[in-house]
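Text of the file input-v7.pdb, holding PDB, C-alpha atoms:
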```pdb
ATOM      1  CA  LEU A  28       0.000   0.000   0.000  1.00  0.00           C
ATOM      2  CA  HIS A  29       1.381   3.401  -0.967  1.00  0.00           C
ATOM      3  CA  ILE A  30      -0.014   6.509   0.729  1.00  0.00           C
ATOM      4  CA  VAL A  31       0.376   9.454  -1.614  1.00  0.00           C
ATOM      5  CA  ASP A  32       0.322  13.187  -0.923  1.00  0.00           C
ATOM      6  CA  VAL A  33      -1.472  14.664  -3.947  1.00  0.00           C
ATOM      7  CA  GLU A  34      -1.176  18.350  -3.045  1.00  0.00           C
ATOM      8  CA  PRO A  35      -0.217  19.940  -5.328  1.00  0.00           C
ATOM      9  CA  PRO A  36      -1.163  17.361  -8.014  1.00  0.00           C
ATOM     10  CA  GLU A  37       1.807  18.157 -10.245  1.00  0.00           C
ATOM     11  CA  SER A  38       4.237  17.099  -7.514  1.00  0.00           C
ATOM     12  CA  ALA A  39       2.431  14.133  -5.954  1.00  0.00           C
ATOM     13  CA  SER A  40       4.729  11.923  -3.881  1.00  0.00           C
ATOM     14  CA  ILE A  41       4.637   8.733  -1.822  1.00  0.00           C
ATOM     15  CA  VAL A  42       4.781   9.619   1.880  1.00  0.00           C
ATOM     16  CA  LYS A  43       4.467   6.110   3.337  1.00  0.00           C
ATOM     17  CA  SER A  44       4.478   2.512   2.104  1.00  0.00           C
ATOM     18  CA  VAL A  45       3.020  -0.395   4.073  1.00  0.00           C
ATOM     19  CA  LEU A  46       3.776  -4.023   3.195  1.00  0.00           C
ATOM     20  CA  ILE A  47       0.529  -5.941   2.645  1.00  0.00           C
ATOM     21  CA  ASP A  48      -0.306  -9.612   2.073  1.00  0.00           C
ATOM     22  CA  GLY A  49      -0.647  -9.762  -1.712  1.00  0.00           C
ATOM     23  CA  GLY A  50      -2.397  -7.220  -3.904  1.00  0.00           C
ATOM     24  CA  ALA A  51      -5.538  -5.171  -3.401  1.00  0.00           C
ATOM     25  CA  GLU A  52      -8.523  -5.391  -5.734  1.00  0.00           C
ATOM     26  CA  ASP A  53     -10.497  -2.699  -3.891  1.00  0.00           C
ATOM     27  CA  ILE A  54      -9.964  -0.259  -1.048  1.00  0.00           C
ATOM     28  CA  ALA A  55     -12.208   1.818   1.217  1.00  0.00           C
ATOM     29  CA  VAL A  56     -11.022   4.457   3.691  1.00  0.00           C
ATOM     30  CA  SER A  57     -12.936   5.505   6.791  1.00  0.00           C
ATOM     31  CA  GLY A  58     -12.140   6.829  10.254  1.00  0.00           C
ATOM     32  CA  GLY A  59      -8.354   6.670   9.987  1.00  0.00           C
ATOM     33  CA  TYR A  60      -8.310   3.150   8.514  1.00  0.00           C
ATOM     34  CA  ALA A  61      -7.835   1.751   5.020  1.00  0.00           C
ATOM     35  CA  TYR A  62      -9.726  -1.491   4.359  1.00  0.00           C
ATOM     36  CA  MET A  63      -8.320  -3.516   1.476  1.00  0.00           C
ATOM     37  CA  ALA A  64      -9.881  -6.488  -0.266  1.00  0.00           C
ATOM     38  CA  GLY A  65      -7.393  -8.667  -2.114  1.00  0.00           C
ATOM     39  CA  TYR A  66      -5.915 -11.990  -1.075  1.00  0.00           C
ATOM     40  CA  SER A  67      -7.519 -11.219   2.293  1.00  0.00           C
ATOM     41  CA  LEU A  68      -9.226  -8.311   4.067  1.00  0.00           C
ATOM     42  CA  GLU A  69      -6.492  -6.154   5.542  1.00  0.00           C
ATOM     43  CA  ILE A  70      -7.129  -3.286   7.914  1.00  0.00           C
ATOM     44  CA  VAL A  71      -4.399  -0.650   7.898  1.00  0.00           C
ATOM     45  CA  ASP A  72      -4.264   2.058  10.559  1.00  0.00           C
ATOM     46  CA  VAL A  73      -3.330   5.152   8.529  1.00  0.00           C
ATOM     47  CA  ASP A  74      -3.592   7.796  11.251  1.00  0.00           C
ATOM     48  CA  PRO A  75      -1.042   9.243  11.659  1.00  0.00           C
ATOM     49  CA  ILE A  76       0.196   8.540   8.149  1.00  0.00           C
ATOM     50  CA  ASP A  77       3.898   8.372   9.015  1.00  0.00           C
ATOM     51  CA  SER A  78       3.322   5.424  11.372  1.00  0.00           C
ATOM     52  CA  ALA A  79       0.749   3.503   9.269  1.00  0.00           C
ATOM     53  CA  TYR A  80       0.743  -0.280   9.844  1.00  0.00           C
ATOM     54  CA  VAL A  81      -1.396  -3.386   9.218  1.00  0.00           C
ATOM     55  CA  GLU A  82      -3.591  -3.688  12.304  1.00  0.00           C
ATOM     56  CA  ASN A  83      -5.584  -6.794  11.382  1.00  0.00           C
ATOM     57  CA  LEU A  84      -5.975  -9.385   8.654  1.00  0.00           C
ATOM     58  CA  PHE A  85      -8.868 -11.704   7.785  1.00  0.00           C
ATOM     59  CA  TYR A  86      -8.496 -14.522   5.279  1.00  0.00           C
ATOM     60  CA  ILE A  87     -11.615 -14.789   3.128  1.00  0.00           C
ATOM     61  CA  SER A  88     -12.497 -17.684   0.843  1.00  0.00           C
ATOM     62  CA  GLY A  89     -13.368 -17.157  -2.791  1.00  0.00           C
ATOM     63  CA  GLU A  90     -10.954 -14.417  -3.904  1.00  0.00           C
ATOM     64  CA  PRO A  91     -12.119 -11.124  -2.334  1.00  0.00           C
ATOM     65  CA  TRP A  92     -12.871  -8.609  -5.072  1.00  0.00           C
ATOM     66  CA  GLY A  93     -14.728  -5.606  -3.656  1.00  0.00           C
ATOM     67  CA  ILE A  94     -15.440  -3.883  -0.357  1.00  0.00           C
ATOM     68  CA  ALA A  95     -18.030  -1.489   1.016  1.00  0.00           C
ATOM     69  CA  LEU A  96     -18.307  -0.046   4.534  1.00  0.00           C
ATOM     70  CA  SER A  97     -21.418   0.872   6.475  1.00  0.00           C
ATOM     71  CA  GLY A  98     -21.457   1.605  10.179  1.00  0.00           C
ATOM     72  CA  CYS A  99     -19.392  -1.032  11.953  1.00  0.00           C
ATOM     73  CA  TYR A 100     -19.557  -3.558   9.095  1.00  0.00           C
ATOM     74  CA  ALA A 101     -17.411  -4.366   6.072  1.00  0.00           C
ATOM     75  CA  TYR A 102     -19.157  -6.050   3.160  1.00  0.00           C
ATOM     76  CA  VAL A 103     -16.657  -8.014   1.106  1.00  0.00           C
ATOM     77  CA  SER A 104     -17.657  -9.610  -2.185  1.00  0.00           C
ATOM     78  CA  ALA A 105     -15.727 -12.636  -3.376  1.00  0.00           C
ATOM     79  CA  CYS A 106     -15.551 -13.996  -6.926  1.00  0.00           C
ATOM     80  CA  SER A 107     -16.489 -17.538  -5.947  1.00  0.00           C
ATOM     81  CA  GLY A 108     -17.262 -17.115  -2.262  1.00  0.00           C
ATOM     82  CA  GLY A 109     -20.346 -14.890  -2.186  1.00  0.00           C
ATOM     83  CA  LEU A 110     -20.743 -11.977   0.196  1.00  0.00           C
ATOM     84  CA  HIS A 111     -18.905 -11.878   3.523  1.00  0.00           C
ATOM     85  CA  ILE A 112     -20.152  -9.536   6.259  1.00  0.00           C
ATOM     86  CA  ILE A 113     -17.551  -8.696   8.881  1.00  0.00           C
ATOM     87  CA  LYS A 114     -18.229  -6.786  12.094  1.00  0.00           C
ATOM     88  CA  LEU A 115     -15.322  -4.391  12.499  1.00  0.00           C
ATOM     89  CA  TYR A 116     -15.908  -3.165  16.054  1.00  0.00           C
TER      90      TYR A 116
END
```
Could I get this file's structure written as structure tokens?
Amino acid sequence: LHIVDVEPPESASIVKSVLIDGGAEDIAVSGGYAYMAGYSLEIVDVDPIDSAYVENLFYISGEPWGIALSGCYAYVSACSGGLHIIKLY
């Protein structure tokens, strides 16, 4: 995961990189966390940015493909594994 400062756009730069477990097909950001669906669901604490780290990891069957957040739930769609609903807190 690369966190990029895009201000000003013409001189965007990577300010922090966090090693994740595989790639990310989709990402959602809320409340100081980045939620990434890829090989697994990874929750990255991105606040403050300069000390971002992977806080939690959930392995999900069926190749996670997309993610949506609502309230305290993450809804993760998987190519061959249906819809997974995960209570975050």
Would you pick out the contacts of Gly50 (chain A) at 10 Å or less, using all atoms listed in the file, so that residues sharing its chain but fewer than 4 positions from it are not included, and give the list as a compact mmCIF listing (two decimals) with C-alpha atoms, in the coordinates of the input?
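Saved the output as selection.txt:
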```txt
# COMPACT_ATOMS: atom_id res chain seq x y z
CA LEU A 28 0.00 0.00 0.00
CA LEU A 46 3.78 -4.02 3.20
CA MET A 63 -8.32 -3.52 1.48
CA ALA A 64 -9.88 -6.49 -0.27
CA GLY A 65 -7.39 -8.67 -2.11
CA TYR A 66 -5.92 -11.99 -1.08
CA SER A 67 -7.52 -11.22 2.29
```
Rounded to one decimal place, report the CA of Val33 (chain A)-CA of Leu68 (chain A) distance in Å.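 Atom-to-atom, CA of Val33 (chain A) to CA of Leu68 (chain A), that is 25.5 Å.
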Check what the PyMOL selection byres ((chain A and resi 77-93) around 8) selects in the file above and give those residues as a PyMOL selection string. chain A and resi 42-43+45-47+52-54+64-76+94-95+103-109+111
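Note that CA of Ala101 (chain A) and CA of Asp32 (chain A) are 25.9 Å apart.
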Counting only C-alpha atoms, what is within 10 Å of Leu96 (chain A), bar same-chain residues fewer than 5 positions away, as a PyMOL selection string? chain A and resi 55-57+62+101-103+112-113+115
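For the pair CA of Ser44 (chain A) and CA of Ala61 (chain A), the interatomic distance is 12.7 Å.
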For Cys99 (chain A), the nearest of the candidates A:Glu34, A:Lys114, A:Gly58, A:Ala39, counting all atoms listed in the file: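 Going through A:Glu34, A:Lys114, A:Gly58, A:Ala39 one by one, the smallest distance to Cys99 (chain A) is for A:Lys114.
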